[in-house]
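First comes the structure, then the notes that go with it.
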Amino acid sequence: MERFLVIIASAAVGTGFYYWMAQMVKKQSMRDYIFSHQWLLHPNAICYWRAAMAIVGFFLYFYFGYQSIGILIFTVAAILDGVDGIVARSCDLVTRWGEWLDPFCDKLTYLPPMLGFAYAGILSPKLVWILISIELVGQFFARHILKLLKTSGAANNFGKIKAIICFGLVIFCALIEKNPFIVDIGDEVLIACIILSAASLFFKFIPNKLYADILSTLNFFCGITSLYFTYQCSFVWAILVIILGQLFDLFDGRMAVKHGGTKYGPYLDDIADFVSFGLAPAYIIYQSEGMFGLIFGLIFVAGVAYRLIRFVTVDKKKKDLPEGIFNGLPSPAGALIVLGAALVVPPDNLWLMALLSVFLMVSNIRFAHLGRVVLKHLPKPLFFLMSATIIVCIAFILKTKSVQLFGCLILSSVVVYMIAGRKWLK
């Protein structure tokens, strides 16, 4: 309990400083102060300070027995990772050296304690070394090549989400060390960090205009993989893969807006959506209810197809429909209704949820786009934190095998989106 309170207090101190700085840096007087004290408050200087703090916290925790002080210092150092970005953007102090330095200091902050917890028996040493290897390749080898190619080595979304999860994983290890009754999901979360780190490295070498198409392709393969798992009656895995496809679908829209794409991108996106959010959930309905479910599975597929065709041929041309606003519930959200219900609703009643989903999708009820409208109202740090939370929740579900909890989380997310998707209509 004592350690839990220390972590809460540390997070409160760090978060309070983050929001204080976020507000203060909007004032010209604060920006002038930063320019006159760059040795202390320049973004690169903040990187040096937080890396030094993390190293001090590491030795205090693992070698000198001052674990509470070590946790406090590490937590504040982790939250300072957001402060340097705020200062860089607000004061126009973004530099190529800073783009390299920021992720390097991130690694100096979370990799040493991860290694310490690995050899303390809390994390898998093998997995930690795999993560370290990928991180070092990305930091020194890949970034050197990118520098020669005169391409930015700044962290992408995968890298930023990974960093948040890594910081959280270190805090979680400190908590579980003194509270063994807590469900240990350390290695599962560590695997997610490895995947995100590899994805971050991979996408650094991909031309920006191909981001959206690659993510749409990954979404498509998630749909195909889900069909296979459903055929094997592995419904939870089938649903998990579709959830992963939804994350790819969320990011492909953001990448298309930010970097553009190829002329085939919109068609690829529609095909991927139809497979992942139409065919795959419909097959789950059929496998859950047999021939009776076949009827409603076909109705669901028809509803998704109608929803996509109407969007492409009608809604996109409507001048009275603001940009980022949908007629009818988007197909990813419609799929989530069926997927969540498949885990918590008795099979005999799944058809009712399928009909509800189809009704909402083909209706003219307006909903805001999740990525282009709803998430735009969220500060970037909150978006990355939300994405990291989703990944950690999936790791927890895989560890505990709590099917009912998984279904409830899916349905809850749909309800939250439907409320938010109505609140932020233009």
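Every chain in the structure tokens has a letter given in the order shown (A, B, ...), and although residue numbers restart at 1 in each chain, ligands are simply numbered from 1 in the order shown.
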
Would you give me, as number ranges by chain, the residues in stretch 22-199 of chain A that DSSP reads as helix (DSSP H, G or I)?
A: 22-24, 28-36, 38-41, 43-62, 67-90, 96-118, 125-148, 157-178, 186-199

Residues from last step as file, C-alpha atoms, as a compact mmCIF listing (two decimals), in the first residue's frame:
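Contents of the output file result-v7.txt:
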# COMPACT_ATOMS: atom_id res chain seq x y z
CA ALA A 22 1.57 23.57 -20.65
CA GLN A 23 -0.35 26.64 -19.48
CA MET A 24 2.64 28.82 -18.62
CA GLN A 28 5.10 35.46 -23.76
CA SER A 29 6.83 36.17 -20.45
CA MET A 30 7.44 32.45 -19.91
CA ARG A 31 8.74 32.00 -23.45
CA ASP A 32 11.13 34.92 -22.90
CA TYR A 33 12.31 33.29 -19.67
CA ILE A 34 12.93 30.01 -21.51
CA PHE A 35 15.02 31.79 -24.18
CA SER A 36 17.09 33.52 -21.49
CA GLN A 38 18.16 27.77 -22.29
CA TRP A 39 20.76 25.89 -20.24
CA LEU A 40 17.84 24.89 -17.99
CA LEU A 41 14.68 24.94 -20.09
CA PRO A 43 14.01 21.10 -24.89
CA ASN A 44 17.43 19.47 -25.33
CA ALA A 45 18.43 20.58 -21.84
CA ILE A 46 15.25 19.04 -20.43
CA CYS A 47 16.21 15.79 -22.18
CA TYR A 48 19.60 15.85 -20.44
CA TRP A 49 18.01 16.60 -17.09
CA ARG A 50 15.42 13.84 -17.28
CA ALA A 51 17.97 11.25 -18.47
CA ALA A 52 20.25 12.18 -15.56
CA MET A 53 17.30 11.99 -13.14
CA ALA A 54 16.36 8.53 -14.44
CA ILE A 55 19.91 7.24 -13.99
CA VAL A 56 20.04 8.63 -10.44
CA GLY A 57 16.66 7.03 -9.72
CA PHE A 58 17.93 3.71 -11.10
CA PHE A 59 20.90 3.59 -8.71
CA LEU A 60 18.83 4.78 -5.75
CA TYR A 61 16.26 2.04 -6.38
CA PHE A 62 18.44 -0.95 -7.23
CA GLN A 67 13.24 2.83 -3.50
CA SER A 68 10.55 5.40 -2.76
CA ILE A 69 12.85 8.26 -3.72
CA GLY A 70 13.89 6.32 -6.82
CA ILE A 71 10.25 5.88 -7.87
CA LEU A 72 9.56 9.59 -7.35
CA ILE A 73 12.55 10.66 -9.43
CA PHE A 74 11.82 8.16 -12.22
CA THR A 75 8.13 9.10 -12.44
CA VAL A 76 8.90 12.81 -12.69
CA ALA A 77 11.61 12.08 -15.29
CA ALA A 78 9.11 10.06 -17.36
CA ILE A 79 6.51 12.83 -17.32
CA LEU A 80 9.17 15.38 -18.32
CA ASP A 81 9.24 13.51 -21.65
CA GLY A 82 6.07 15.42 -22.50
CA VAL A 83 7.37 18.75 -21.22
CA ASP A 84 10.28 18.97 -23.64
CA GLY A 85 7.88 18.51 -26.56
CA ILE A 86 5.58 21.28 -25.31
CA VAL A 87 8.51 23.69 -24.97
CA ALA A 88 9.92 22.72 -28.39
CA ARG A 89 6.65 23.34 -30.21
CA SER A 90 5.59 26.44 -28.30
CA ARG A 96 17.33 17.70 -35.85
CA TRP A 97 19.59 17.02 -32.87
CA GLY A 98 16.55 17.14 -30.62
CA GLU A 99 14.72 14.64 -32.84
CA TRP A 100 17.58 12.19 -32.21
CA LEU A 101 18.13 13.12 -28.58
CA ASP A 102 14.53 12.84 -27.36
CA PRO A 103 14.04 9.10 -28.11
CA PHE A 104 17.61 8.39 -26.97
CA CYS A 105 16.87 9.91 -23.56
CA ASP A 106 13.62 7.94 -23.47
CA LYS A 107 15.66 4.76 -23.83
CA LEU A 108 18.10 5.86 -21.14
CA THR A 109 15.10 6.42 -18.89
CA TYR A 110 13.20 3.13 -19.20
CA LEU A 111 15.67 0.48 -20.46
CA PRO A 112 18.02 0.38 -17.41
CA PRO A 113 15.20 -0.19 -14.86
CA MET A 114 13.63 -2.78 -17.19
CA LEU A 115 16.94 -4.63 -17.16
CA GLY A 116 17.09 -4.31 -13.38
CA PHE A 117 13.60 -5.78 -12.98
CA ALA A 118 14.48 -8.55 -15.44
CA PRO A 125 15.45 -11.21 -19.38
CA LYS A 126 15.17 -12.66 -22.90
CA LEU A 127 12.30 -10.32 -23.83
CA VAL A 128 14.05 -7.31 -22.31
CA TRP A 129 17.21 -8.01 -24.33
CA ILE A 130 15.13 -8.37 -27.51
CA LEU A 131 13.61 -4.95 -26.84
CA ILE A 132 17.02 -3.45 -26.09
CA SER A 133 18.43 -4.87 -29.34
CA ILE A 134 15.63 -3.40 -31.45
CA GLU A 135 15.87 -0.06 -29.64
CA LEU A 136 19.63 0.18 -30.14
CA VAL A 137 19.36 -0.76 -33.82
CA GLY A 138 16.70 1.90 -34.26
CA GLN A 139 18.61 4.56 -32.32
CA PHE A 140 22.09 4.16 -33.79
CA PHE A 141 22.05 2.08 -36.97
CA ALA A 142 18.69 3.06 -38.49
CA ARG A 143 18.89 6.73 -37.51
CA HIS A 144 22.39 6.96 -38.98
CA ILE A 145 21.07 5.68 -42.31
CA LEU A 146 18.12 8.05 -42.11
CA LYS A 147 20.52 10.92 -41.49
CA LEU A 148 22.49 9.98 -44.62
CA ASN A 157 3.08 7.30 -33.34
CA PHE A 158 4.17 3.71 -32.75
CA GLY A 159 7.32 4.91 -31.01
CA LYS A 160 5.47 7.42 -28.85
CA ILE A 161 2.88 4.88 -27.72
CA LYS A 162 5.65 2.38 -27.04
CA ALA A 163 7.51 4.89 -24.87
CA ILE A 164 4.40 5.58 -22.76
CA ILE A 165 3.85 1.84 -22.25
CA CYS A 166 7.51 1.32 -21.33
CA PHE A 167 7.38 4.09 -18.73
CA GLY A 168 4.20 2.58 -17.31
CA LEU A 169 5.70 -0.91 -17.32
CA VAL A 170 8.60 0.22 -15.13
CA ILE A 171 6.17 1.74 -12.61
CA PHE A 172 4.06 -1.44 -12.75
CA CYS A 173 7.13 -3.59 -11.99
CA ALA A 174 7.94 -1.42 -8.98
CA LEU A 175 4.35 -1.87 -7.78
CA ILE A 176 4.13 -5.62 -8.33
CA GLU A 177 7.46 -6.22 -6.60
CA LYS A 178 5.86 -5.38 -3.26
CA GLY A 186 4.58 -7.62 -17.30
CA ASP A 187 5.78 -10.00 -20.00
CA GLU A 188 2.59 -9.59 -22.06
CA VAL A 189 3.00 -5.81 -22.00
CA LEU A 190 6.70 -6.22 -22.80
CA ILE A 191 5.79 -8.22 -25.93
CA ALA A 192 3.52 -5.34 -26.99
CA CYS A 193 6.47 -2.95 -26.52
CA ILE A 194 8.65 -5.15 -28.73
CA ILE A 195 6.01 -5.21 -31.49
CA LEU A 196 5.52 -1.43 -31.33
CA SER A 197 9.28 -0.82 -31.32
CA ALA A 198 9.70 -3.01 -34.42
CA ALA A 199 6.77 -1.24 -36.12

Can you list, as a ChimeraX atom specification, every protein, DNA or RNA residue that comes within 7 Å of stretch 234-240 of chain A when you count only C-alpha atoms, leaving out same-chain residues fewer than 6 positions away?
/A:226-227,339

Could you write out that same residue set with N, CA and C atoms as a PDB file, in the first residue's frame?
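Just written: again.pdb:
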ATOM      1  N   SER A 226      -8.880 -13.211 -38.904  1.00  0.00           N
ATOM      2  CA  SER A 226     -10.046 -13.398 -38.050  1.00  0.00           C
ATOM      3  C   SER A 226     -10.980 -14.479 -38.607  1.00  0.00           C
ATOM      4  N   LEU A 227     -11.147 -14.492 -39.935  1.00  0.00           N
ATOM      5  CA  LEU A 227     -11.980 -15.534 -40.549  1.00  0.00           C
ATOM      6  C   LEU A 227     -11.420 -16.925 -40.253  1.00  0.00           C
ATOM      7  N   LEU A 339     -19.223  -7.835 -31.975  1.00  0.00           N
ATOM      8  CA  LEU A 339     -18.094  -8.531 -31.347  1.00  0.00           C
ATOM      9  C   LEU A 339     -18.234  -8.559 -29.825  1.00  0.00           C
TER      10      LEU A 339
END

All strand (DSSP E or B) residues (DSSP, backbone) inside stretch 256-412 of chain A, as number ranges by chain
A: 325-327, 366-368

Residues of the last selection are to be written out with N, CA and C atoms, as an mmCIF file, in the first residue's frame.
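Final file, part-v3.cif:
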data_model
loop_
_atom_site.group_PDB
_atom_site.id
_atom_site.type_symbol
_atom_site.label_atom_id
_atom_site.label_comp_id
_atom_site.auth_asym_id
_atom_site.auth_seq_id
_atom_site.Cartn_x
_atom_site.Cartn_y
_atom_site.Cartn_z
ATOM 1 N N ILE A 325 -18.167 14.063 -40.661
ATOM 2 C CA ILE A 325 -19.445 13.632 -40.082
ATOM 3 C C ILE A 325 -20.032 12.529 -40.958
ATOM 4 N N PHE A 326 -20.469 11.444 -40.306
ATOM 5 C CA PHE A 326 -21.018 10.294 -41.010
ATOM 6 C C PHE A 326 -22.534 10.254 -40.913
ATOM 7 N N ASN A 327 -23.178 9.797 -41.977
ATOM 8 C CA ASN A 327 -24.575 9.378 -41.913
ATOM 9 C C ASN A 327 -24.593 7.926 -41.469
ATOM 10 N N ARG A 366 -26.486 10.936 -37.372
ATOM 11 C CA ARG A 366 -25.146 11.428 -37.651
ATOM 12 C C ARG A 366 -24.183 11.171 -36.485
ATOM 13 N N PHE A 367 -22.977 10.774 -36.857
ATOM 14 C CA PHE A 367 -21.913 10.541 -35.882
ATOM 15 C C PHE A 367 -20.639 11.197 -36.399
ATOM 16 N N ALA A 368 -19.845 11.714 -35.462
ATOM 17 C CA ALA A 368 -18.571 12.322 -35.834
ATOM 18 C C ALA A 368 -17.517 11.241 -36.055
#

Quick check, in Å to one decimal: how far apart do atom CA of A:Tyr283 and atom CA of A:Phe406 lie?
19.3 Å

Residues near stretch 305-319 of chain A, cut-off 9 Å, only C-alpha atoms, skip fewer than 4 positions along chain, as a list in words
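In the requested form, the answer reads Asp270, Asp273, Phe274, Gly278, Phe300, Val301, Glu323, Phe326, Asn327, Gly328, Leu329, Pro330, Ser331, Val358, Met361, Val362 and Ser363 of chain A.
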
Store the residues picked out above in a file with N, CA and C atoms, as a PDB file, in the first residue's frame.
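After the write, out.pdb holds the following:
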ATOM      1  N   ASP A 270     -11.607   0.672 -48.274  1.00  0.00           N
ATOM      2  CA  ASP A 270     -12.981   0.154 -48.297  1.00  0.00           C
ATOM      3  C   ASP A 270     -13.012  -1.374 -48.307  1.00  0.00           C
ATOM      4  N   ASP A 273     -12.063  -2.583 -44.837  1.00  0.00           N
ATOM      5  CA  ASP A 273     -13.179  -2.369 -43.908  1.00  0.00           C
ATOM      6  C   ASP A 273     -14.272  -3.417 -44.117  1.00  0.00           C
ATOM      7  N   PHE A 274     -14.566  -3.729 -45.374  1.00  0.00           N
ATOM      8  CA  PHE A 274     -15.629  -4.694 -45.653  1.00  0.00           C
ATOM      9  C   PHE A 274     -15.266  -6.083 -45.120  1.00  0.00           C
ATOM     10  N   GLY A 278     -17.129  -6.356 -41.837  1.00  0.00           N
ATOM     11  CA  GLY A 278     -18.339  -6.918 -42.423  1.00  0.00           C
ATOM     12  C   GLY A 278     -18.330  -8.429 -42.424  1.00  0.00           C
ATOM     13  N   PHE A 300     -26.231  -8.671 -41.816  1.00  0.00           N
ATOM     14  CA  PHE A 300     -25.160  -7.796 -41.321  1.00  0.00           C
ATOM     15  C   PHE A 300     -24.206  -7.423 -42.450  1.00  0.00           C
ATOM     16  N   VAL A 301     -23.798  -8.409 -43.259  1.00  0.00           N
ATOM     17  CA  VAL A 301     -22.907  -8.127 -44.391  1.00  0.00           C
ATOM     18  C   VAL A 301     -23.556  -7.128 -45.340  1.00  0.00           C
ATOM     19  N   GLU A 323     -17.576  17.905 -43.252  1.00  0.00           N
ATOM     20  CA  GLU A 323     -16.439  16.991 -43.320  1.00  0.00           C
ATOM     21  C   GLU A 323     -16.209  16.351 -41.945  1.00  0.00           C
ATOM     22  N   PHE A 326     -20.469  11.444 -40.306  1.00  0.00           N
ATOM     23  CA  PHE A 326     -21.018  10.294 -41.010  1.00  0.00           C
ATOM     24  C   PHE A 326     -22.534  10.254 -40.913  1.00  0.00           C
ATOM     25  N   ASN A 327     -23.178   9.797 -41.977  1.00  0.00           N
ATOM     26  CA  ASN A 327     -24.575   9.378 -41.913  1.00  0.00           C
ATOM     27  C   ASN A 327     -24.593   7.926 -41.469  1.00  0.00           C
ATOM     28  N   GLY A 328     -25.122   7.662 -40.305  1.00  0.00           N
ATOM     29  CA  GLY A 328     -25.144   6.308 -39.803  1.00  0.00           C
ATOM     30  C   GLY A 328     -23.883   5.965 -39.023  1.00  0.00           C
ATOM     31  N   LEU A 329     -23.982   4.954 -38.190  1.00  0.00           N
ATOM     32  CA  LEU A 329     -22.850   4.515 -37.373  1.00  0.00           C
ATOM     33  C   LEU A 329     -21.764   3.945 -38.277  1.00  0.00           C
ATOM     34  N   PRO A 330     -20.500   4.352 -38.115  1.00  0.00           N
ATOM     35  CA  PRO A 330     -19.418   3.793 -38.935  1.00  0.00           C
ATOM     36  C   PRO A 330     -19.320   2.276 -38.764  1.00  0.00           C
ATOM     37  N   SER A 331     -18.906   1.589 -39.819  1.00  0.00           N
ATOM     38  CA  SER A 331     -18.856   0.121 -39.777  1.00  0.00           C
ATOM     39  C   SER A 331     -17.925  -0.435 -38.701  1.00  0.00           C
ATOM     40  N   VAL A 358     -27.017  -3.129 -37.509  1.00  0.00           N
ATOM     41  CA  VAL A 358     -27.379  -2.818 -38.897  1.00  0.00           C
ATOM     42  C   VAL A 358     -28.270  -1.584 -38.949  1.00  0.00           C
ATOM     43  N   MET A 361     -26.204   1.503 -38.512  1.00  0.00           N
ATOM     44  CA  MET A 361     -25.315   1.766 -39.647  1.00  0.00           C
ATOM     45  C   MET A 361     -26.062   2.322 -40.855  1.00  0.00           C
ATOM     46  N   VAL A 362     -27.242   1.793 -41.141  1.00  0.00           N
ATOM     47  CA  VAL A 362     -27.966   2.229 -42.350  1.00  0.00           C
ATOM     48  C   VAL A 362     -28.857   3.438 -42.079  1.00  0.00           C
ATOM     49  N   SER A 363     -28.952   3.846 -40.822  1.00  0.00           N
ATOM     50  CA  SER A 363     -29.787   5.002 -40.485  1.00  0.00           C
ATOM     51  C   SER A 363     -29.135   6.290 -40.951  1.00  0.00           C
TER      52      SER A 363
END

With only C-alpha atoms as the counted atoms, please give the residues lying no more than 7 Å from A:Gly297, apart from itself and same-chain residues fewer than 2 positions off, as a list in words.
Ala282, Tyr283, Ile285, Tyr286, Gly293, Leu294, Ile295, Ile299, Phe300 and Val301 of chain A

Writer output for current selection, C-alpha atoms, as a CSV table (one decimal), in the first residue's frame:
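The resulting file, part_35.csv, is shown below:
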chain,number,residue,atom,x,y,z
A,282,ALA,CA,-20.8,-11.9,-39.9
A,283,TYR,CA,-18.9,-15.2,-39.9
A,285,ILE,CA,-22.6,-14.6,-36.0
A,286,TYR,CA,-23.0,-17.7,-38.3
A,293,GLY,CA,-27.3,-17.1,-37.6
A,294,LEU,CA,-26.6,-17.4,-41.3
A,295,ILE,CA,-29.6,-15.3,-42.1
A,299,ILE,CA,-28.2,-9.2,-43.2
A,300,PHE,CA,-25.2,-7.8,-41.3
A,301,VAL,CA,-22.9,-8.1,-44.4

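Using only C-alpha atoms for every distance, the candidate list A:Ala388, A:Cys233, A:Ala341, A:Ala335 yields A:Ala335 as the residue closest to A:Gln246.
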
Which residue of A:His37, A:Lys204, A:His369, A:Lys27 approaches A:Met418 most closely, using only C-alpha atoms
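Result for the nearest residue to A:Met418: A:His369.
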
Would you please work out which residue, of A:Leu321, A:Gly340, A:Leu405, A:Pro332, is nearest to A:Asn219 when using only C-alpha atoms?
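Checking each of A:Leu321, A:Gly340, A:Leu405, A:Pro332 against A:Asn219, counting only C-alpha atoms, the winner is A:Pro332.
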
At a cut-off of 8 Å, using only C-alpha atoms, what residues contact A:Val414? Leave out same-chain residues fewer than 3 positions from it and give the result as a list of chain:residue names.
A:Ala333, A:Leu336, A:Ile337, A:Ile410, A:Leu411, A:Tyr417, A:Met418

As an exercise, work out the distance from atom CA of A:Val392 to atom CA of A:Phe251 in Å and give it to one decimal place.
18.0 Å
